[in-house]
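Novice: Below is a structure I'd like to ask you about.
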Amino acid sequence: MSKEEKKVNRRDFLFTASYTVGAVGVGAVIWPMIDQMNPDKAQQALATTEVDISSVEPGKSITVLWRGKPIFIKKRTSEEIAEARAVKLDDLPDPQKDEDRVKEGKDEWLVMLGVCTHLGCVPLKDKGDFNGWFCPCHGSHYDVSGRIRKGPAPTNMEIPKFEFVDSNTIKIG
Amino acid sequence: MSEHEYTPKSKAGKWFNDRLPLLTLGAHLTDYPTPKNLNYWWTFGGILTFCLITQIVTGIVLAMHYVAHADLAFASVEHIMRDVNYGWLIRYIHSNGASMFFLAVYIHIFRSLFYGSYKSPREVIWIIGLMIYLLMMAAAFMGYVLPWGQMSFWGATVITNLFSAIPLVGDSITTWLWGAYSVDNPTLNRFFSLHYLIPFLILGLVVLHIWALHVPGNNNPVGIDIKKPSKDTVPFHPYITIKDAFALLVFMIIFAGFVFFTPNVLGHSDNYIPANPLVTPAHIVPEWYLLPFYAILRSVPDKLGGVILMFSAIFILFVLPWLDTSKVRSAVFRPIYRQFFWILVIDVLMLGYVGAMPAEGIYLVLARVGTIYYFLHFIVVMPVVGYLEKTDPIPMSISEPVLTGGAEPSLARKVNDKV
């Protein structure tokens, strides 16, 4: 190897090292700029909410706000539960058993995110072709278990993480 | 730049111009040789500049009174309407100004489509123009969210949820856009910040758009290359400025008609109901200028597919200069393409109409037919017609057919000639 080539190689190394350090530095500055847009601590602090469900009559539902989104809490009648469980999984675009959408032994309580999985509108209750919910924005029909049956929404309405604190109170989140 | 070098007359002017050649730039813009046959469809560039400045000025003033907070935004807009001196006027100019801006930009874009202004050597002007159009849509969408009414909130919810269709990272991106777990105060805050930023980005792109225009010079209704300066051109000032000014005056009469007589006709009454995250309005519609794309979105019975098709409808325009295979620019000399052009105009208007209607029955059918034609027009019609069409003879120059009283065959160029 001639002397000149050696010099070039040494310079190449310096360039590469400088670019690398520069890229890491730029990245270290850009990431906080991007991450600042994610939900802040105040938003995260709203992550759980407790709801008193003692006043909900069978067949009725209430809507509560959790993290800025509506939660439907419906106390289903035994006929409605039977109807939800009679559906064949093959008829569902997003197959899921009704049993998997409720807590065992608390089958009457359907607790779900009242947000259409298409583009985020709030579906209307007791409407649509399947005795459940209907989204007025783009025409998605959900059944009495909140599962998508017809329309552009890709998935069933989401079940949030929740638990029964006692028989009259649930904690969402 | 002009052929001759400009020298200021005054000593002070010369001193300054030697250090910063702003006067040279001014002289270039004044003398800029412009085709003498530009018709009124060419006045919308000036009109659009007026619209941008109007939006920036009224927007800066509105920001002095508006409060970007979920609890206060709606009330602050009503405060502007009722308490601020002339607040109603400034807000109505700003809100209707957005519509007038889009009206003008659509005419400007279709002008370009008819006369082939997007073709070589003006592809970069066209692409910068589309970037401006995209930023305009972003600015208009975010601006519509700021009053924090029902349409603001649910429009923001639907549009931001489009990003949740992206596989794997969609939900993280949506949460990141929101800064919360739904459209909420952080969303409003950042939308206000970006809504204030975007017009200045547009202003920068407008400078590039005009710069890129001044390299090849204006296209013109016959779509031929011309010598500059020559008997085919006139100086920009006073010939084009006075024509632009007259067109602007007529435009402002229409603008004022909306502002003073029907200021809310282009908006939606639901936006005078404060945002409520628990109740979705029965019928969500975007502003009229986004309706054709909304119709395309809804015509697809699949979430991701609809989103992809809607964005494709805009991005396909970026490759238009390479999809059009015709050597002739102006549709005046393209008898077949001219008919397809008008079909496209009708198609887009129809998509806009069905976008405002419920997505069911005949409207859904029309939306699907319209969507299919929209894409066929660009992907199939433009390349094939450009290749097969027998175009009409093209004049040698702008002056000659006029001076000799018509397009005589001897004066006409052959199609194969360089246009």
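Just remember, in the structure tokens the first chain shown is A, the second B, etc., residues are 1-based per chain, and ligands are 1-based in the order shown.
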List every residue of chain A that has an atom at most 12 Å from any atom of chain B, giving for each one its closest atom pair and the distance in Å to one decimal, counting only C-alpha atoms, sorted by chain and then by ascending residue number, as a tab-separated table.
Specialist:
residue	atom	partner	partner_atom	distance
A:Met33	CA	B:Trp176	CA	11.9
A:Ile34	CA	B:Trp176	CA	8.7
A:Asp35	CA	B:Trp176	CA	8.0
A:Gln36	CA	B:Gly179	CA	8.3
A:Met37	CA	B:Gly179	CA	5.3
A:Asn38	CA	B:Trp176	CA	4.5
A:Pro39	CA	B:Gly179	CA	4.2
A:Asp40	CA	B:Gly179	CA	7.0
A:Lys41	CA	B:Ala180	CA	9.9
A:Ala42	CA	B:Ala180	CA	9.4
A:Gln43	CA	B:Ala180	CA	6.0
A:Gln44	CA	B:Ala180	CA	8.0
A:Ala45	CA	B:Ala180	CA	10.9
A:Leu46	CA	B:Tyr181	CA	9.9
A:Ala47	CA	B:Tyr181	CA	9.4
A:Ile62	CA	B:Leu278	CA	11.2
A:Thr63	CA	B:Leu278	CA	7.9
A:Val64	CA	B:Leu278	CA	8.4
A:Leu65	CA	B:Leu278	CA	7.6
A:Trp66	CA	B:Tyr181	CA	9.1
A:Arg67	CA	B:Tyr181	CA	5.8
A:Gly68	CA	B:Ser182	CA	5.5
A:Lys69	CA	B:Ser182	CA	6.2
A:Pro70	CA	B:Leu278	CA	5.8
A:Ile71	CA	B:Leu278	CA	9.1
A:Phe72	CA	B:Leu278	CA	10.3
A:Pro93	CA	B:Asp302	CA	11.7
A:Leu113	CA	B:Leu278	CA	11.4
A:Gly114	CA	B:Leu278	CA	8.8
A:Val115	CA	B:Leu278	CA	9.7
A:Cys116	CA	B:Val158	CA	10.1
A:Thr117	CA	B:Asn161	CA	9.0
A:His118	CA	B:Lys303	CA	6.4
A:Leu119	CA	B:Val158	CA	4.8
A:Gly120	CA	B:Val158	CA	5.9
A:Cys121	CA	B:Thr280	CA	6.0
A:Val122	CA	B:Thr280	CA	5.5
A:Pro123	CA	B:Thr280	CA	7.7
A:Leu124	CA	B:Thr280	CA	8.5
A:Lys125	CA	B:Val279	CA	11.3
A:Phe134	CA	B:Ala282	CA	10.8
A:Cys135	CA	B:Ala282	CA	8.9
A:Pro136	CA	B:Ala282	CA	5.7
A:Cys137	CA	B:Ile284	CA	6.0
A:His138	CA	B:Ala359	CA	6.5
A:Gly139	CA	B:Ala359	CA	7.6
A:Ser140	CA	B:Pro301	CA	10.2
A:Lys150	CA	B:Pro301	CA	9.9
A:Gly151	CA	B:Pro301	CA	6.9
A:Pro152	CA	B:Pro301	CA	5.0
A:Ala153	CA	B:Lys303	CA	6.6
A:Pro154	CA	B:Lys303	CA	6.6
A:Thr155	CA	B:Lys303	CA	10.2
Novice: Next, dump the selected residues to file, keeping only C-alpha atoms, as a tab-separated table (two decimals), in the first residue's frame.
Specialist:
chain	number	residue	atom	x	y	z
A	33	MET	CA	-39.12	16.39	19.60
A	34	ILE	CA	-41.17	13.43	18.38
A	35	ASP	CA	-41.90	11.85	21.74
A	36	GLN	CA	-43.22	15.08	23.25
A	37	MET	CA	-46.33	14.54	21.14
A	38	ASN	CA	-47.18	11.23	22.85
A	39	PRO	CA	-49.71	11.29	25.74
A	40	ASP	CA	-48.20	13.20	28.66
A	41	LYS	CA	-48.23	12.22	32.33
A	42	ALA	CA	-51.45	14.11	32.98
A	43	GLN	CA	-53.16	12.12	30.24
A	44	GLN	CA	-51.72	8.85	31.51
A	45	ALA	CA	-52.90	9.65	35.03
A	46	LEU	CA	-56.50	9.41	33.83
A	47	ALA	CA	-55.90	5.75	33.01
A	62	ILE	CA	-75.06	3.47	30.64
A	63	THR	CA	-72.22	5.34	28.98
A	64	VAL	CA	-69.24	6.63	30.93
A	65	LEU	CA	-66.18	8.52	29.80
A	66	TRP	CA	-62.79	6.82	30.14
A	67	ARG	CA	-59.62	8.43	28.74
A	68	GLY	CA	-61.82	10.72	26.64
A	69	LYS	CA	-63.67	7.83	25.07
A	70	PRO	CA	-67.15	6.49	25.84
A	71	ILE	CA	-67.49	3.12	27.58
A	72	PHE	CA	-70.79	1.27	27.10
A	93	PRO	CA	-66.24	-11.16	10.19
A	113	LEU	CA	-65.26	0.73	24.31
A	114	GLY	CA	-68.15	2.57	22.61
A	115	VAL	CA	-66.02	3.43	19.63
A	116	CYS	CA	-66.62	2.15	16.13
A	117	THR	CA	-63.51	0.33	14.95
A	118	HIS	CA	-63.87	1.88	11.52
A	119	LEU	CA	-63.13	5.57	12.05
A	120	GLY	CA	-63.91	6.18	15.70
A	121	CYS	CA	-67.52	7.40	15.82
A	122	VAL	CA	-69.82	6.49	18.71
A	123	PRO	CA	-72.38	3.87	17.58
A	124	LEU	CA	-76.06	4.33	18.52
A	125	LYS	CA	-77.63	1.75	20.83
A	134	PHE	CA	-75.30	0.93	14.61
A	135	CYS	CA	-72.65	3.47	13.59
A	136	PRO	CA	-74.26	6.37	11.73
A	137	CYS	CA	-71.04	7.56	10.14
A	138	HIS	CA	-70.37	4.81	7.64
A	139	GLY	CA	-73.01	2.20	8.42
A	140	SER	CA	-71.38	-0.50	10.56
A	150	LYS	CA	-72.01	-5.78	8.59
A	151	GLY	CA	-70.32	-2.65	7.28
A	152	PRO	CA	-66.81	-1.28	6.85
A	153	ALA	CA	-65.52	-1.70	10.44
A	154	PRO	CA	-62.80	-4.37	10.50
A	155	THR	CA	-63.07	-5.66	14.09
Novice: What parts of segment 114-166 of chain A does DSSP call strand (DSSP E or B)? I'd like the answer as a compact mmCIF listing (two decimals) with N, CA, C and O atoms, in the first residue's frame.
Specialist:
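Result written to result_27.txt:
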# COMPACT_ATOMS: atom_id res chain seq x y z
N LEU A 124 -74.80 4.10 17.82
CA LEU A 124 -76.06 4.33 18.52
C LEU A 124 -76.59 3.00 19.02
O LEU A 124 -76.53 1.99 18.33
N LYS A 125 -77.15 3.01 20.26
CA LYS A 125 -77.63 1.75 20.83
C LYS A 125 -79.02 1.38 20.31
O LYS A 125 -79.76 2.25 19.83
N ASP A 126 -79.34 0.09 20.42
CA ASP A 126 -80.64 -0.46 20.01
C ASP A 126 -80.98 -0.08 18.57
O ASP A 126 -82.12 0.24 18.24
N LYS A 127 -79.99 -0.10 17.73
CA LYS A 127 -80.22 0.21 16.31
C LYS A 127 -79.47 -0.80 15.45
O LYS A 127 -78.64 -1.56 15.93
N ASN A 131 -79.83 -5.98 16.34
CA ASN A 131 -80.33 -5.78 17.68
C ASN A 131 -79.27 -5.26 18.63
O ASN A 131 -79.36 -5.43 19.84
N GLY A 132 -78.23 -4.64 18.09
CA GLY A 132 -77.17 -4.15 18.96
C GLY A 132 -76.90 -2.67 18.73
O GLY A 132 -77.70 -1.82 19.14
N TRP A 133 -75.78 -2.38 18.08
CA TRP A 133 -75.42 -0.98 17.85
C TRP A 133 -75.27 -0.72 16.35
O TRP A 133 -74.98 -1.64 15.59
N PHE A 134 -75.43 0.55 16.01
CA PHE A 134 -75.30 0.93 14.61
C PHE A 134 -74.50 2.23 14.55
O PHE A 134 -74.78 3.18 15.27
N CYS A 135 -73.46 2.25 13.71
CA CYS A 135 -72.65 3.47 13.59
C CYS A 135 -73.20 4.32 12.44
O CYS A 135 -73.25 3.87 11.30
N SER A 140 -71.79 0.80 10.03
CA SER A 140 -71.38 -0.50 10.56
C SER A 140 -72.43 -0.99 11.57
O SER A 140 -72.89 -0.23 12.42
N HIS A 141 -72.81 -2.29 11.44
CA HIS A 141 -73.79 -2.88 12.34
C HIS A 141 -73.09 -3.81 13.32
O HIS A 141 -72.30 -4.65 12.91
N TYR A 142 -73.41 -3.66 14.61
CA TYR A 142 -72.83 -4.52 15.64
C TYR A 142 -73.96 -5.30 16.33
O TYR A 142 -75.09 -4.79 16.44
N ASP A 143 -73.66 -6.52 16.80
CA ASP A 143 -74.70 -7.30 17.46
C ASP A 143 -74.72 -7.02 18.96
O ASP A 143 -74.04 -6.13 19.45
N ILE A 148 -68.80 -6.96 15.24
CA ILE A 148 -69.12 -6.41 13.92
C ILE A 148 -69.82 -7.48 13.10
O ILE A 148 -69.38 -8.64 13.05
N ARG A 149 -70.92 -7.10 12.44
CA ARG A 149 -71.65 -8.06 11.63
C ARG A 149 -71.72 -7.60 10.18
O ARG A 149 -71.70 -8.40 9.26
N LYS A 150 -71.82 -6.29 9.96
CA LYS A 150 -72.01 -5.78 8.59
C LYS A 150 -71.46 -4.36 8.54
O LYS A 150 -71.60 -3.62 9.50
N PHE A 162 -60.84 -4.39 32.51
CA PHE A 162 -61.65 -3.94 33.65
C PHE A 162 -61.83 -5.09 34.63
O PHE A 162 -61.58 -6.25 34.31
N GLU A 163 -62.25 -4.74 35.84
CA GLU A 163 -62.50 -5.78 36.84
C GLU A 163 -63.63 -5.34 37.76
O GLU A 163 -63.92 -4.13 37.87
N PHE A 164 -64.28 -6.33 38.40
CA PHE A 164 -65.31 -6.01 39.37
C PHE A 164 -64.66 -5.79 40.72
O PHE A 164 -64.04 -6.71 41.28
N VAL A 165 -64.77 -4.57 41.26
CA VAL A 165 -64.23 -4.29 42.59
C VAL A 165 -65.12 -4.96 43.63
O VAL A 165 -64.67 -5.63 44.54
N ASP A 166 -66.46 -4.76 43.49
CA ASP A 166 -67.46 -5.54 44.21
C ASP A 166 -68.63 -5.70 43.26
O ASP A 166 -68.54 -5.32 42.11
Novice: Would you please extract all helix (DSSP H, G or I) residues from chain A, as assigned by DSSP on the backbone, and give them as a PyMOL selection string?
Specialist: chain A and resi 3-35+41-44+78-86+89-91+98-101
Novice: Find the spatial neighbours of segment 146-153 of chain B, counting only C-alpha atoms, within a cut-off of 10 Å - ignore same-chain residues fewer than 3 positions away - and output them as a short mmCIF file (atom, residue, chain, number, x, y, z; two decimals) with N, CA, C and O atoms, in the first residue's frame.
Specialist:
data_model
loop_
_atom_site.label_atom_id
_atom_site.label_comp_id
_atom_site.auth_asym_id
_atom_site.auth_seq_id
_atom_site.Cartn_x
_atom_site.Cartn_y
_atom_site.Cartn_z
N TYR B 66 -58.50 34.22 19.89
CA TYR B 66 -58.89 32.81 20.04
C TYR B 66 -58.11 32.16 21.18
O TYR B 66 -56.96 32.52 21.43
N VAL B 67 -58.71 31.19 21.86
CA VAL B 67 -58.03 30.45 22.92
C VAL B 67 -58.03 28.97 22.55
O VAL B 67 -59.10 28.37 22.38
N ALA B 68 -56.84 28.39 22.40
CA ALA B 68 -56.73 26.99 21.98
C ALA B 68 -56.79 26.08 23.19
O ALA B 68 -55.79 25.50 23.60
N HIS B 69 -57.97 25.95 23.79
CA HIS B 69 -58.15 25.02 24.90
C HIS B 69 -59.52 24.38 24.77
O HIS B 69 -60.50 25.07 24.45
N ALA B 70 -59.58 23.08 25.03
CA ALA B 70 -60.82 22.34 24.83
C ALA B 70 -62.00 22.97 25.59
O ALA B 70 -63.14 22.92 25.13
N ASP B 71 -61.74 23.56 26.76
CA ASP B 71 -62.84 24.14 27.55
C ASP B 71 -63.20 25.54 27.10
O ASP B 71 -64.27 26.05 27.45
N LEU B 72 -62.30 26.21 26.40
CA LEU B 72 -62.49 27.63 26.11
C LEU B 72 -62.63 27.95 24.63
O LEU B 72 -63.09 29.03 24.26
N ALA B 73 -62.21 27.04 23.77
CA ALA B 73 -62.14 27.34 22.34
C ALA B 73 -63.50 27.74 21.77
O ALA B 73 -63.63 28.77 21.10
N PHE B 74 -64.52 26.93 22.05
CA PHE B 74 -65.84 27.20 21.48
C PHE B 74 -66.34 28.58 21.93
O PHE B 74 -66.81 29.39 21.12
N ALA B 75 -66.19 28.84 23.24
CA ALA B 75 -66.65 30.14 23.77
C ALA B 75 -65.85 31.29 23.19
O ALA B 75 -66.39 32.37 22.94
N SER B 76 -64.54 31.06 22.96
CA SER B 76 -63.72 32.16 22.44
C SER B 76 -64.11 32.50 21.00
O SER B 76 -64.02 33.65 20.58
N VAL B 77 -64.55 31.49 20.23
CA VAL B 77 -65.00 31.77 18.87
C VAL B 77 -66.30 32.58 18.92
O VAL B 77 -66.49 33.55 18.17
N GLU B 78 -67.19 32.22 19.84
CA GLU B 78 -68.42 33.00 20.00
C GLU B 78 -68.11 34.42 20.50
O GLU B 78 -68.78 35.38 20.13
N PHE B 141 -58.21 21.42 7.22
CA PHE B 141 -58.72 20.43 8.17
C PHE B 141 -58.46 20.85 9.61
O PHE B 141 -59.36 20.85 10.45
N MET B 142 -57.23 21.27 9.89
CA MET B 142 -56.89 21.66 11.27
C MET B 142 -57.63 22.94 11.67
O MET B 142 -58.06 23.09 12.81
N GLY B 143 -57.80 23.84 10.71
CA GLY B 143 -58.54 25.06 11.00
C GLY B 143 -59.99 24.77 11.35
O GLY B 143 -60.57 25.41 12.23
N ALA B 156 -62.28 15.62 13.22
CA ALA B 156 -60.92 15.30 13.67
C ALA B 156 -60.81 13.83 14.04
O ALA B 156 -59.81 13.17 13.72
N THR B 157 -61.84 13.30 14.69
CA THR B 157 -61.81 11.89 15.09
C THR B 157 -61.74 10.98 13.87
O THR B 157 -60.91 10.07 13.80
N VAL B 158 -62.61 11.23 12.90
CA VAL B 158 -62.66 10.38 11.71
C VAL B 158 -61.35 10.47 10.92
O VAL B 158 -60.77 9.46 10.53
N VAL B 183 -59.34 12.22 20.65
CA VAL B 183 -59.17 13.63 20.29
C VAL B 183 -59.50 14.44 21.55
O VAL B 183 -60.57 14.30 22.11
N ASP B 184 -58.55 15.23 22.00
CA ASP B 184 -58.72 15.90 23.29
C ASP B 184 -57.93 17.21 23.29
O ASP B 184 -57.41 17.62 22.26
N ASN B 185 -57.81 17.82 24.45
CA ASN B 185 -57.14 19.12 24.52
C ASN B 185 -55.74 19.14 23.88
O ASN B 185 -55.43 20.08 23.16
N THR B 187 -54.70 17.52 21.42
CA THR B 187 -54.90 17.50 19.97
C THR B 187 -55.22 18.92 19.47
O THR B 187 -54.65 19.39 18.49
N LEU B 188 -56.13 19.57 20.17
CA LEU B 188 -56.52 20.93 19.78
C LEU B 188 -55.32 21.87 19.81
O LEU B 188 -55.10 22.67 18.89
N ASN B 189 -54.52 21.74 20.87
CA ASN B 189 -53.34 22.59 21.03
C ASN B 189 -52.38 22.46 19.87
O ASN B 189 -51.91 23.45 19.31
N PHE B 191 -52.94 21.19 16.90
CA PHE B 191 -53.57 21.57 15.63
C PHE B 191 -53.49 23.08 15.45
O PHE B 191 -53.30 23.57 14.34
N PHE B 192 -53.67 23.81 16.54
CA PHE B 192 -53.58 25.28 16.45
C PHE B 192 -52.17 25.69 16.05
O PHE B 192 -51.97 26.53 15.16
N HIS B 195 -51.68 24.73 12.46
CA HIS B 195 -52.53 25.55 11.59
C HIS B 195 -51.89 26.93 11.37
O HIS B 195 -52.04 27.52 10.31
N GLY B 267 -70.73 26.04 5.56
CA GLY B 267 -70.39 25.31 6.78
C GLY B 267 -71.51 24.35 7.15
O GLY B 267 -72.46 24.15 6.40
N HIS B 268 -71.38 23.73 8.31
CA HIS B 268 -72.39 22.81 8.77
C HIS B 268 -72.93 23.29 10.11
O HIS B 268 -72.16 23.61 11.01
N SER B 269 -74.27 23.34 10.22
CA SER B 269 -74.87 23.92 11.43
C SER B 269 -74.47 23.18 12.70
O SER B 269 -74.43 23.77 13.78
N ASP B 270 -74.15 21.88 12.59
CA ASP B 270 -73.76 21.11 13.78
C ASP B 270 -72.50 21.67 14.43
O ASP B 270 -72.22 21.36 15.59
N ASN B 271 -71.74 22.46 13.68
CA ASN B 271 -70.52 22.99 14.29
C ASN B 271 -70.81 24.16 15.23
O ASN B 271 -69.89 24.68 15.86
N TYR B 272 -72.06 24.55 15.34
CA TYR B 272 -72.44 25.53 16.36
C TYR B 272 -72.94 24.83 17.63
O TYR B 272 -73.50 25.47 18.52
N ILE B 273 -72.75 23.51 17.70
CA ILE B 273 -73.00 22.76 18.94
C ILE B 273 -71.63 22.43 19.52
O ILE B 273 -70.77 21.91 18.81
N PRO B 274 -71.38 22.74 20.81
CA PRO B 274 -70.05 22.45 21.38
C PRO B 274 -69.70 20.97 21.28
O PRO B 274 -70.58 20.11 21.32
N ALA B 275 -68.41 20.67 21.13
CA ALA B 275 -67.94 19.29 20.98
C ALA B 275 -68.40 18.43 22.14
O ALA B 275 -68.33 18.84 23.30
N ASN B 276 -68.90 17.24 21.82
CA ASN B 276 -69.34 16.30 22.84
C ASN B 276 -68.81 14.92 22.49
O ASN B 276 -69.25 14.30 21.54
N PRO B 277 -67.82 14.42 23.28
CA PRO B 277 -67.20 13.13 22.93
C PRO B 277 -68.13 11.93 23.09
O PRO B 277 -67.78 10.83 22.70
N VAL B 279 -71.45 11.89 21.97
CA VAL B 279 -72.49 11.83 20.95
C VAL B 279 -71.91 12.17 19.57
O VAL B 279 -71.36 13.26 19.38
N THR B 280 -72.04 11.23 18.64
CA THR B 280 -71.62 11.50 17.27
C THR B 280 -72.81 12.06 16.50
O THR B 280 -73.90 11.53 16.59
N PRO B 281 -72.61 13.16 15.75
CA PRO B 281 -73.73 13.67 14.94
C PRO B 281 -74.21 12.59 13.98
O PRO B 281 -73.44 11.74 13.54
N HIS B 283 -74.93 12.64 10.96
CA HIS B 283 -74.41 12.62 9.60
C HIS B 283 -73.14 13.48 9.56
O HIS B 283 -73.21 14.69 9.57
N ILE B 284 -71.98 12.82 9.54
CA ILE B 284 -70.73 13.56 9.52
C ILE B 284 -70.33 13.82 8.07
O ILE B 284 -70.25 12.90 7.27
N VAL B 285 -70.12 15.07 7.74
CA VAL B 285 -69.60 15.39 6.40
C VAL B 285 -68.42 16.34 6.55
O VAL B 285 -68.43 17.22 7.40
N PRO B 286 -67.40 16.15 5.73
CA PRO B 286 -66.30 17.11 5.75
C PRO B 286 -66.72 18.38 4.99
O PRO B 286 -67.82 18.45 4.43
N GLU B 287 -65.85 19.37 4.97
CA GLU B 287 -66.11 20.57 4.19
C GLU B 287 -66.23 20.19 2.71
O GLU B 287 -65.68 19.18 2.27
#
Novice: Find the residues around Glu50 of chain A up to 7 Å (only C-alpha atoms counted), leave out those fewer than 4 positions away in its own chain, and share them as a count of residues only.
Specialist: 4
Novice: Quote the spacing between atom CA of Val328 of chain B and atom CA of Gly116 of chain B in Å to one decimal place.
Specialist: 7.9 Å
Novice: Taking 3 positions as the minimum chain separation for residues in the same chain, which residues sit within 9 Å of segment 42-57 of chain B when counting only C-alpha atoms? Answer as a PyMOL selection string.
Specialist: chain B and resi 38-39+60-62+93-95+97-98+100-102+104-105+107-108+111+196+199-200+202-203+206+220+240-241+243-245+247-248+251
Novice: Quick one: distance from atom CA of Phe341 of chain B to atom CA of Val381 of chain B in Å, one decimal?
Specialist: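 Taking atom CA of Phe341 of chain B as the start and atom CA of Val381 of chain B as the end point, the length is 9.9 Å.
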Novice: Quick one: residues within 8 Å of Phe114 of chain B, only C-alpha atoms counted, chain neighbours fewer than 4 positions away excluded, as JSON, numbers by chain?
Specialist: {"B": [110, 330, 331, 338, 341]}
Novice: Go ahead and save the picked residues with N, CA, C and O atoms, as an mmCIF file, in the first residue's frame.
Specialist:
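This went into selection-v3.cif:
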data_model
loop_
_atom_site.group_PDB
_atom_site.id
_atom_site.type_symbol
_atom_site.label_atom_id
_atom_site.label_comp_id
_atom_site.auth_asym_id
_atom_site.auth_seq_id
_atom_site.Cartn_x
_atom_site.Cartn_y
_atom_site.Cartn_z
ATOM 1 N N PHE B 110 -57.659 22.461 -12.682
ATOM 2 C CA PHE B 110 -58.323 21.988 -13.904
ATOM 3 C C PHE B 110 -57.869 22.786 -15.133
ATOM 4 O O PHE B 110 -57.842 22.256 -16.243
ATOM 5 N N SER B 330 -52.058 21.534 -25.258
ATOM 6 C CA SER B 330 -53.391 22.102 -25.071
ATOM 7 C C SER B 330 -54.490 21.176 -25.578
ATOM 8 O O SER B 330 -54.408 20.635 -26.684
ATOM 9 N N ALA B 331 -55.544 21.011 -24.777
ATOM 10 C CA ALA B 331 -56.680 20.194 -25.189
ATOM 11 C C ALA B 331 -57.448 20.829 -26.340
ATOM 12 O O ALA B 331 -58.297 20.178 -26.957
ATOM 13 N N ARG B 338 -60.095 16.047 -24.981
ATOM 14 C CA ARG B 338 -60.979 17.127 -24.535
ATOM 15 C C ARG B 338 -62.280 16.569 -23.961
ATOM 16 O O ARG B 338 -62.780 17.036 -22.946
ATOM 17 N N PHE B 341 -61.628 14.963 -20.677
ATOM 18 C CA PHE B 341 -61.411 16.000 -19.668
ATOM 19 C C PHE B 341 -62.738 16.402 -19.027
ATOM 20 O O PHE B 341 -62.855 16.469 -17.809
#
Novice: Extract, using only C-alpha atoms, all DNA, RNA and protein residues at most 7 Å from Asp232 of chain B, discarding same-chain residues fewer than 5 positions from it, and format them as an NGL selection string.
Specialist: :B and (35-36 or 226 or 398-399)
Novice: The selected residues should be written to file as a PDB file, in the first residue's frame (atoms: N, CA and C atoms).
Specialist:
ATOM      1  N   PRO B  35     -47.053  35.260 -22.425  1.00  0.00           N
ATOM      2  CA  PRO B  35     -47.789  35.045 -23.679  1.00  0.00           C
ATOM      3  C   PRO B  35     -48.969  36.016 -23.767  1.00  0.00           C
ATOM      4  N   LYS B  36     -49.167  36.585 -24.956  1.00  0.00           N
ATOM      5  CA  LYS B  36     -50.184  37.633 -25.050  1.00  0.00           C
ATOM      6  C   LYS B  36     -51.598  37.079 -25.142  1.00  0.00           C
ATOM      7  N   ILE B 226     -42.943  29.403 -27.075  1.00  0.00           N
ATOM      8  CA  ILE B 226     -42.811  30.684 -27.764  1.00  0.00           C
ATOM      9  C   ILE B 226     -41.461  31.292 -27.444  1.00  0.00           C
ATOM     10  N   ILE B 398     -48.246  32.180 -31.661  1.00  0.00           N
ATOM     11  CA  ILE B 398     -49.507  32.751 -31.195  1.00  0.00           C
ATOM     12  C   ILE B 398     -50.017  33.771 -32.200  1.00  0.00           C
ATOM     13  N   SER B 399     -49.100  34.559 -32.798  1.00  0.00           N
ATOM     14  CA  SER B 399     -49.506  35.667 -33.661  1.00  0.00           C
ATOM     15  C   SER B 399     -50.009  35.197 -35.018  1.00  0.00           C
TER      16      SER B 399
END
